[in-house]
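Engineer: Below you will find the structure I want to go over with you.
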Amino acid sequence: MGTNEQNNLLEVQNLHTHFHTDSGVVKAVDGISFSLQSGKVLGIVGESGCGKSIASMSLMRLIPSPPGKIFGDNVSFNGKNLLELSENQMRQIRGNEIAMIFQEPMTSLNPVYTIGNQLGEAIKLHQGVNKQYIEDKAIEVLNLVGIPRPKEILKEYPHSLSGGMRQRIMIAMAVSCNPSLLIADEPTTALDVTIQAQILELMKDLIKQLNTSIIFITHDLGVIAEMAEHVMVMYAGKVVEETDIFSLFHSPRHPYTIGLLNSKPQIDKEEDNLIPIKGTVPNPLNLPEGCSFHPRCDQVMEQCKRQPPQLTEISPGHKVSCWHFSSFTKNNEEVEF
Amino acid sequence: MQTEPLLKVKKLKKYYPIKSGVFSRVTGHVKAVDDIDLEIQQGETFSLVGESGCGKSTAGTTLLRLQEPTAGESFYNGTDIFSLDKKKMRNLRKDIQMIFQDPYSSLNPRMTIGETIGEALLIHKLAANNKEKKQKVQSTMEICGLSPHYYNRYPHEFSGGQRQRVVIARALALEPKFIVADEPISALDVSIQAQIVNLLDNLQAEFGLTYLFISHDLSVVKHVSDWVAVMYLGKIVEKAPQKLLYNNPQHPYSQALLSAVPTPDPSYQKKRIILTGDVPSPSNPPSGCHFHPRCPYAFERCLSEIPVLTGVDTDHHVACHLVNP
C-alpha cells in the first residue's frame with residue numbers, strides 16, 4: 001500500500017508519552033510513527049499496558065502534565081501540528097474535529113445530567129447556541145445510531161439505559177459534530193457478545209455513511225479482523241508490526257503477533273493445544289534491554305538482548321520490528337515459523 | 001449413558017426477593033436461577049455459557065451451597081449437598097473447590113502466598129504441622145507453574161496470570177475432585193489466557209479432575225468443554241455435548257450467540273444473526289419464552305407458554321417451541 005502524502009489526515013512521527021513517577025520514568029508510548037488516510041480505519045491491537053490507549057489520548061492531548069509528558073517530532077492533523085497548538089486551539093479540535101468513544105459506557109456518562117443535556121453540550125460548544133437547532137441535531141444523531149424514541153430518550157438519565165444503549169449514546173455524542181477523526185478505545189469490550197455484534201454493525205454502517213477516519217483500539221483480534229483495514233500491533237510502548245489486515249492474519253511476521261494469534265482458541269477451527277506466549281508482560285518501569293519482547297520470544301538471538309530493533313519495511317506496506325527481519329535484505333529467504 | 005454422574009443437579013432454583021416500601025415487604029423475585037438440571041460425569045468439563053446476568057455464576061455458587069438454594073437438589077457422588085449439616089458440609093468442601101474470576105480481589109493482600117494456599121490444609125487437618133504444610137504447598141505451587149521460593153511473597157508482587165495460578169493452587173491444595181471455575185481467565189491478557197487454559201487442561205489430565213466451567217467466552221468454552229449448556233435469563237435453553245452444540249445449535253439464541261463471536265480472520269465471511277434489543281431485566285422477564293422479544297422466529301405460542309427443555313436427539317436438549325412442536 002503506497003501512502004499518498006496529500007491524502008494523509010493524520011501523520012504521527014516519533015511520538016513519545018512518558019510518565020515521571022517516584023519510582024522512575026514509564027515510557028508508556030516510546031517513539032511510534034504512523035499515518036492515517038481520510039476515510040480509512042486503522043486498528044491498534046495490544047494487551048493491557050502496551051500503550052495503545054495512552055497513544056490515542058496523547059493525540060487528543062488528554063494526558064495530565066505532570067506526571068505525563070508528550071513530545072515527538074510531529075503530529076500533523078489536517079496540516080496542523082497538534083503538539084504545538086495552545087490549549088484553546090486544542091479545545092476547538094477536541095470533540096469537533098477529533099472525537100473519542102471510550103470503553104466504559106457505564107462510567108463515561110454523567111449520571112446527574114439528562115442524555116439531551118450531555119449530547120447537546122458538544123453541539124452547543126462547537127456548532128452554535130440555537131436551542132431548536134441543538135435539539136434537532138441531537139434527535140438526528142440519535143436516529144443515526146438507532147436509538148428508538150429519541151425525543152423521550154433526550155429527557156432521560158443514563159441510569160435508565162442499558163449498556164448497549166449507553167454505548168450508542170456515546171457514539172452519537174462522538175459523531176454529533178461530524179469529526180474527521182474518530183478514536184474508538186475498546187468500544188465493545190464492556191458489552192455482551194450479542195450487543196457487541198449490534199454495535200460493530202452500527203459502526204460499520206457509520207463508517208460508510210459519514211466517511212470518517214477511525215482509529216480502532218482493541219485487544220480482541222476477532223474484532224480487529226472485522227473492523228480495520230490497516231493494523232498496528234503494539235508491545236511495551238512500541239509498534240512491533242504494522243501491515244494491512246490480510247497479511248496480519250495470513251502472514252504475520254513478528255513472533256509476538258504470531259504468539260497472539262496462536263494463543264487464542266478459534267470458534268470455527270478445531271485445535272488440540274493452545275500455544276501460549278511464555279512469561280508475562282514486563283513491568284513498564286523496568287523494561288528488558290534490547291528488544292522488549294526478547295525474554296518471552298522463542299526465537300531470541302544474542303543481538304535481541306543487546307540492541308532494540310527498528311521498525312523496518314519488509315515488503316510494501318508491511319513493517320516489522322524484529323532482528324530476524326532487519327537483516328532481511330541480506331538473506332532474502334523467508335523465515336519459517 | 002455412562003455410570004452415575006459425579007454431580008447431579010435437579011430443579012435448582014435461586015430466587016432473590018425484591019423488597020420495597022416502608023415495611024420492606026417482598027414484592028417480587030429476581031429469578032436468577034430458575035429450574036435447571038445438570039449432570040456432570042467424572043473427569044469431564046461441563047460449561048455454562050451465557051451473557052452477563054443470565055445466572056451462570058449464581059448457578060455455580062448455589063449448587064456448591066456457597067449460597068442457600070431456594071429449591072432443588074444437588075447430589076455429589078450420591079450425597080445430597082443441600083441436606084448436609086454444617087460439619088459434614090465442611091468436610092465435603094475438601095472435595096469441591098472453586099476458582100474465582102478476579103485474581104486481584106480474591107487473594108488476601110495481607111497473607112503470603114504460602115499462607116493463602118496452605119490455610120485450608122490446616123483447617124482440614126491435612127497437614128500436621130507447619131513443615132508438612134510448607135512441603136505440600138510448595139509441591140502444589142510447582143504443579144501450578146509457580147516457583148516454590150515465592151512461598152513468602154505477597155500477592156501484590158505478582159502479575160494477573162501468576163495470581164490466577166495462586167488461586168488455582170489454593171483450590172488444588174486440598175486435592176479436590178470437582179472444581180467450579182467461574183470465568184477463570186476473563187480478567188487476564190490474551191497471551192496469558194492460553195497459559196491458564198493449558199494449565200487447567202493439564203491438571204485435569206493428571207488428576208482426573210471434573211470441572212464446571214463458567215464463561216461468556218464461547219471460543220474458550222469450545223476449547224475446554226465436553227458438555228455445554230447455554231443459559232438465558234436463569235434458564236438453560238440448550239444443553240448438548242460440545243461438538244453437537246457448536247456444529248448444530250438448535251435454539252435461536254444459541255445460534256445468534258455463536259454467530260456473534262468475531263472471527264480472527266478478515267477473509268472469513270460469516271452470516272451473522274444480529275439480535276435486536278437488550279437482555280431483559282431478570283426481575284421482570286418477558287412472558288412465555290423469555291427469549292421471545294428478541295427471537296427472529298417468535299410466534300404466538302412463544303408469548304404465552306414457557307418452553308420445556310426436551311431432547312431432540314440423544315444427549316441434545318433444547319427449550320424451544322420451534323424445535324419441539
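Ligands are numbered from 1 in the order shown, residues from 1 within each chain, and chains are lettered A, B, ... in the order they appear in the C-alpha cells.
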Starting from chain A, keep only residues with some atom at most 7 Å from an atom of chain B, counting only C-alpha atoms, and report them as number ranges by chain.

Structural biologist: A: 47-48, 192-194, 197-198, 221-223, 225-226, 245-246, 249, 260, 263-267, 274-277

Engineer: Please write the residues from the selection above to a file, keeping C-alpha atoms, as a compact mmCIF listing (two decimals), in the first residue's frame.

Structural biologist:
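Output file selection-v7.txt is given in full below:
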```txt
# COMPACT_ATOMS: atom_id res chain seq x y z
CA GLU A 47 -2.52 -6.24 25.60
CA SER A 48 -3.17 -4.10 28.64
CA ASP A 192 -22.04 -8.78 25.88
CA VAL A 193 -21.37 -10.62 22.60
CA THR A 194 -24.82 -10.16 21.12
CA ALA A 197 -22.36 -7.56 17.37
CA GLN A 198 -25.01 -4.82 17.25
CA LEU A 221 -8.15 -9.89 17.34
CA GLY A 222 -11.58 -11.03 16.21
CA VAL A 223 -12.97 -7.52 16.46
CA ALA A 225 -10.34 -8.58 11.80
CA GLU A 226 -13.84 -7.33 11.32
CA ILE A 245 -5.41 -6.64 7.81
CA PHE A 246 -4.99 -9.60 5.47
CA PHE A 249 -3.74 -12.68 9.84
CA LEU A 260 -1.07 -13.71 20.00
CA SER A 263 -2.83 -18.35 21.88
CA LYS A 264 -6.46 -17.61 21.11
CA PRO A 265 -8.79 -20.55 20.51
CA GLN A 266 -10.94 -20.05 17.42
CA ILE A 267 -14.57 -20.85 17.28
CA LEU A 274 -3.16 -23.74 22.57
CA ILE A 275 0.33 -22.37 22.20
CA PRO A 276 0.74 -19.68 24.84
CA ILE A 277 3.38 -16.97 24.92
```

Engineer: Identify, on the basis of only C-alpha atoms, every residue whose closest approach to segment 7-19 of chain A does not exceed 9 Å; exclude the query and any residue fewer than 5 positions from it along the same chain; express the result as a VMD selection string.

Structural biologist: chain A and resid 24 to 39 51 54 to 55 58 to 59 63 65 to 79 180 to 181 213 237

Engineer: Can you tell me, as JSON, numbers by chain, what residues are no more than 12 Å from Val318 of chain B when counting only C-alpha atoms, ignoring any on the same chain fewer than 3 positions away?

Structural biologist: {"B": [228, 229, 230, 231, 235, 236, 237, 238, 239, 240, 244, 245, 248, 249, 250, 251, 252, 253, 254, 255, 307, 308, 309, 310, 311, 312, 313, 314, 315, 321, 322, 323, 324, 325]}

Engineer: Could you dump the residues just selected with N, CA and C atoms as a CSV table (one decimal), in the first residue's frame?

Structural biologist:
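Output contents, as saved in out.csv:
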```csv
chain,number,residue,atom,x,y,z
B,228,VAL,N,-21.8,-28.6,27.0
B,228,VAL,CA,-22.1,-27.2,27.2
B,228,VAL,C,-23.6,-27.0,27.4
B,229,ALA,N,-23.9,-26.0,28.3
B,229,ALA,CA,-25.3,-25.6,28.5
B,229,ALA,C,-25.3,-24.1,28.3
B,230,VAL,N,-26.3,-23.7,27.4
B,230,VAL,CA,-26.4,-22.2,27.2
B,230,VAL,C,-27.5,-21.7,28.1
B,231,MET,N,-27.3,-20.7,28.8
B,231,MET,CA,-28.3,-20.1,29.7
B,231,MET,C,-28.8,-18.8,29.2
B,235,LYS,N,-32.6,-19.7,32.8
B,235,LYS,CA,-32.9,-21.0,32.4
B,235,LYS,C,-31.9,-21.5,31.4
B,236,ILE,N,-31.8,-22.8,31.4
B,236,ILE,CA,-31.0,-23.5,30.3
B,236,ILE,C,-31.8,-23.6,29.1
B,237,VAL,N,-31.4,-23.0,28.0
B,237,VAL,CA,-32.1,-23.0,26.7
B,237,VAL,C,-31.6,-24.2,25.8
B,238,GLU,N,-30.4,-24.6,26.0
B,238,GLU,CA,-29.9,-25.7,25.2
B,238,GLU,C,-28.7,-26.4,25.9
B,239,LYS,N,-28.7,-27.7,25.8
B,239,LYS,CA,-27.7,-28.5,26.5
B,239,LYS,C,-27.3,-29.6,25.6
B,240,ALA,N,-26.0,-29.7,25.4
B,240,ALA,CA,-25.6,-30.8,24.4
B,240,ALA,C,-24.1,-31.0,24.6
B,244,LEU,N,-21.7,-31.2,19.3
B,244,LEU,CA,-23.1,-31.2,18.8
B,244,LEU,C,-23.6,-29.7,18.8
B,245,LEU,N,-23.3,-29.1,20.0
B,245,LEU,CA,-23.8,-27.7,20.2
B,245,LEU,C,-23.2,-26.7,19.2
B,248,ASN,N,-24.1,-27.8,15.5
B,248,ASN,CA,-25.5,-27.8,15.1
B,248,ASN,C,-26.4,-27.2,16.2
B,249,PRO,N,-26.2,-25.9,16.5
B,249,PRO,CA,-27.0,-25.3,17.5
B,249,PRO,C,-28.5,-25.2,17.1
B,250,GLN,N,-29.4,-25.5,18.0
B,250,GLN,CA,-30.8,-25.6,17.6
B,250,GLN,C,-31.6,-24.4,18.1
B,251,HIS,N,-31.3,-23.9,19.3
B,251,HIS,CA,-32.1,-22.8,19.8
B,251,HIS,C,-31.7,-21.5,19.1
B,252,PRO,N,-32.6,-20.7,18.8
B,252,PRO,CA,-32.3,-19.4,18.1
B,252,PRO,C,-31.3,-18.6,18.9
B,253,TYR,N,-31.4,-18.6,20.2
B,253,TYR,CA,-30.4,-17.8,21.0
B,253,TYR,C,-29.0,-18.4,20.9
B,254,SER,N,-28.9,-19.7,20.9
B,254,SER,CA,-27.5,-20.3,20.8
B,254,SER,C,-27.0,-20.0,19.4
B,255,GLN,N,-27.8,-20.0,18.4
B,255,GLN,CA,-27.4,-19.7,17.0
B,255,GLN,C,-26.9,-18.3,16.9
B,307,PRO,N,-41.4,-22.7,27.2
B,307,PRO,CA,-40.9,-24.0,26.6
B,307,PRO,C,-40.1,-24.8,27.6
B,308,VAL,N,-40.2,-26.1,27.5
B,308,VAL,CA,-39.5,-27.0,28.4
B,308,VAL,C,-38.3,-27.6,27.7
B,309,LEU,N,-37.3,-27.8,28.4
B,309,LEU,CA,-36.0,-28.5,27.9
B,309,LEU,C,-36.4,-29.9,27.5
B,310,THR,N,-36.4,-30.2,26.2
B,310,THR,CA,-36.7,-31.5,25.7
B,310,THR,C,-35.6,-32.1,24.8
B,311,GLY,N,-35.5,-33.4,24.8
B,311,GLY,CA,-34.5,-34.0,24.0
B,311,GLY,C,-34.9,-34.0,22.5
B,312,VAL,N,-34.0,-33.4,21.6
B,312,VAL,CA,-34.3,-33.5,20.2
B,312,VAL,C,-33.5,-34.7,19.6
B,313,ASP,N,-32.5,-35.2,20.4
B,313,ASP,CA,-31.7,-36.2,19.9
B,313,ASP,C,-31.2,-36.8,21.2
B,314,THR,N,-30.5,-38.0,21.2
B,314,THR,CA,-29.9,-38.4,22.4
B,314,THR,C,-28.9,-37.4,22.9
B,315,ASP,N,-28.9,-37.0,24.1
B,315,ASP,CA,-27.9,-36.0,24.6
B,315,ASP,C,-28.2,-34.6,24.2
B,321,HIS,N,-40.2,-23.8,21.3
B,321,HIS,CA,-41.4,-24.3,20.7
B,321,HIS,C,-41.2,-24.6,19.2
B,322,LEU,N,-40.2,-23.9,18.6
B,322,LEU,CA,-40.0,-24.1,17.2
B,322,LEU,C,-39.4,-25.5,16.9
B,323,VAL,N,-38.4,-25.8,17.8
B,323,VAL,CA,-37.7,-27.1,17.6
B,323,VAL,C,-38.5,-28.3,18.1
B,324,ASN,N,-39.3,-28.0,19.2
B,324,ASN,CA,-40.1,-29.1,19.8
B,324,ASN,C,-41.6,-28.8,19.6
B,325,PRO,N,-42.2,-29.0,18.5
B,325,PRO,CA,-43.6,-28.5,18.3
B,325,PRO,C,-44.5,-29.4,19.2
```

Engineer: When you look at Leu122 of chain B with a cut-off of 12 Å (counting only C-alpha atoms), what residues show up, excluding the ones that are within fewer than 6 positions of it in the same chain? I need them as a list in words.

Structural biologist: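 Neighbouring residues, sequence-local ones excluded: Lys94, Gly114, Glu115, Thr116, Ala128, Asn129, Asn130, Lys131, Glu132, Lys133, Lys134, Lys136, Val137, Ala173 and Leu174 of chain B.
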
Engineer: If we count only C-alpha atoms, what is near Met60 of chain A at a cut-off of 12 Å, once residues fewer than 4 positions away on the same chain are taken out, given as a list in words?

Structural biologist: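 The neighbour list is Ser53, Ile54, Ala55, Ser56, Pro64, Ile70, Val75, Ser76, Phe77, Asn81, Leu82, Leu83, Leu85, Glu87, Gln89, Met90, Arg91, Gln92, Ile93, Arg94, Gly95, Asn96, Glu97, Ile98, Ala99, Met100, Leu181, Leu182 and Ile183 of chain A.
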
Engineer: Smallest atom-to-atom distance to His324 of chain A: which of A:Pro255, A:Asn286, A:Leu142, A:Ile101, using only C-alpha atoms?

Structural biologist: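 Among A:Pro255, A:Asn286, A:Leu142, A:Ile101, it is A:Pro255 that comes nearest to His324 of chain A.
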
Engineer: List every residue of segment 137-219 of chain B that DSSP, applied to the backbone, labels as alpha helix (DSSP H), and write the result as a short mmCIF file (atom, residue, chain, number, x, y, z; two decimals) with C-alpha atoms, in the first residue's frame.

Structural biologist:
```
data_model
loop_
_atom_site.label_atom_id
_atom_site.label_comp_id
_atom_site.auth_asym_id
_atom_site.auth_seq_id
_atom_site.Cartn_x
_atom_site.Cartn_y
_atom_site.Cartn_z
CA VAL B 137 2.12 -26.09 49.48
CA GLN B 138 5.39 -25.94 47.63
CA SER B 139 4.70 -29.09 45.67
CA THR B 140 1.27 -27.71 44.71
CA MET B 141 2.91 -24.45 43.66
CA GLU B 142 5.27 -26.33 41.40
CA ILE B 143 2.42 -28.23 39.80
CA GLY B 160 -2.51 -11.25 36.99
CA GLY B 161 -1.55 -14.55 35.39
CA GLN B 162 0.61 -15.58 38.31
CA ARG B 163 -2.09 -14.59 40.79
CA GLN B 164 -4.52 -16.78 38.93
CA ARG B 165 -2.01 -19.62 39.32
CA VAL B 166 -2.04 -18.93 43.07
CA VAL B 167 -5.85 -19.07 43.08
CA ILE B 168 -5.70 -22.38 41.21
CA ALA B 169 -3.02 -23.72 43.59
CA ARG B 170 -5.24 -22.77 46.55
CA ALA B 171 -8.11 -24.75 45.07
CA LEU B 172 -5.84 -27.65 44.23
CA VAL B 190 -4.82 -12.74 25.78
CA SER B 191 -1.27 -14.09 25.83
CA ILE B 192 -1.71 -15.23 29.44
CA GLN B 193 -5.16 -16.77 28.93
CA ALA B 194 -3.71 -19.63 26.91
CA GLN B 195 -1.22 -20.41 29.69
CA ILE B 196 -4.03 -20.77 32.24
CA VAL B 197 -6.26 -22.77 29.90
CA ASN B 198 -3.40 -25.18 29.24
CA LEU B 199 -2.69 -25.43 32.97
CA LEU B 200 -6.32 -26.33 33.69
CA ASP B 201 -6.20 -28.88 30.85
CA ASN B 202 -3.03 -30.50 32.18
CA LEU B 203 -4.31 -30.64 35.75
CA GLN B 204 -7.43 -32.36 34.54
CA ALA B 205 -5.43 -34.94 32.64
CA GLU B 206 -3.07 -35.53 35.56
CA PHE B 207 -5.50 -35.67 38.47
CA LEU B 218 -17.55 -19.00 23.51
CA SER B 219 -14.26 -19.80 21.81
#
```

Engineer: How many Å lie between atom CA of Asn143 of chain A and atom CA of Gly163 of chain A, rounded to one decimal?

Structural biologist: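 According to the coordinates, atom CA of Asn143 of chain A and atom CA of Gly163 of chain A are separated by 17.7 Å.
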
Engineer: Report the residues of segment 75-317 of chain A whose backbone DSSP state falls under strand (DSSP E), written as a PyMOL selection string.

Structural biologist: chain A and resi 75-77+80-81+98-101+181-185+213-218+230-235+238-244+312-315

Engineer: Could you pull the residues within 8 Å of Arg166 of chain A, counting only C-alpha atoms, minus those fewer than 6 positions along the same chain, as a VMD selection string?

Structural biologist: chain A and resid 105 to 106 109 158

Engineer: Using only C-alpha atoms, which residues sit within 12 Å of Leu144 of chain A once same-chain residues fewer than 4 positions away are excluded, as a PyMOL selection string?

Structural biologist: chain A and resi 137-140+148+150+168-169+171-176+202-203+205-207+209-210

Engineer: So which one's closest to Cys54 of chain B, B:Trp227, B:Ala32, B:Glu119, B:Tyr104? Using only C-alpha atoms, please.

Structural biologist: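 Counting only C-alpha atoms, the residue closest to Cys54 of chain B is B:Ala32.
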
Engineer: For each of B:Ser20, B:His124, B:Ser47, B:Val9, take the minimum atom-to-atom distance to Glu73 of chain B, counting only C-alpha atoms, then give the residue where this is smallest.

Structural biologist: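 Residue with the minimum atom-to-atom distance to Glu73 of chain B: B:Val9.
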
Engineer: Find the distance between atom CA of Asp182 of chain B and atom CA of Gly259 of chain A and write it in Å to one decimal.

Structural biologist: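 Atom CA of Asp182 of chain B sits 25.7 Å away from atom CA of Gly259 of chain A.
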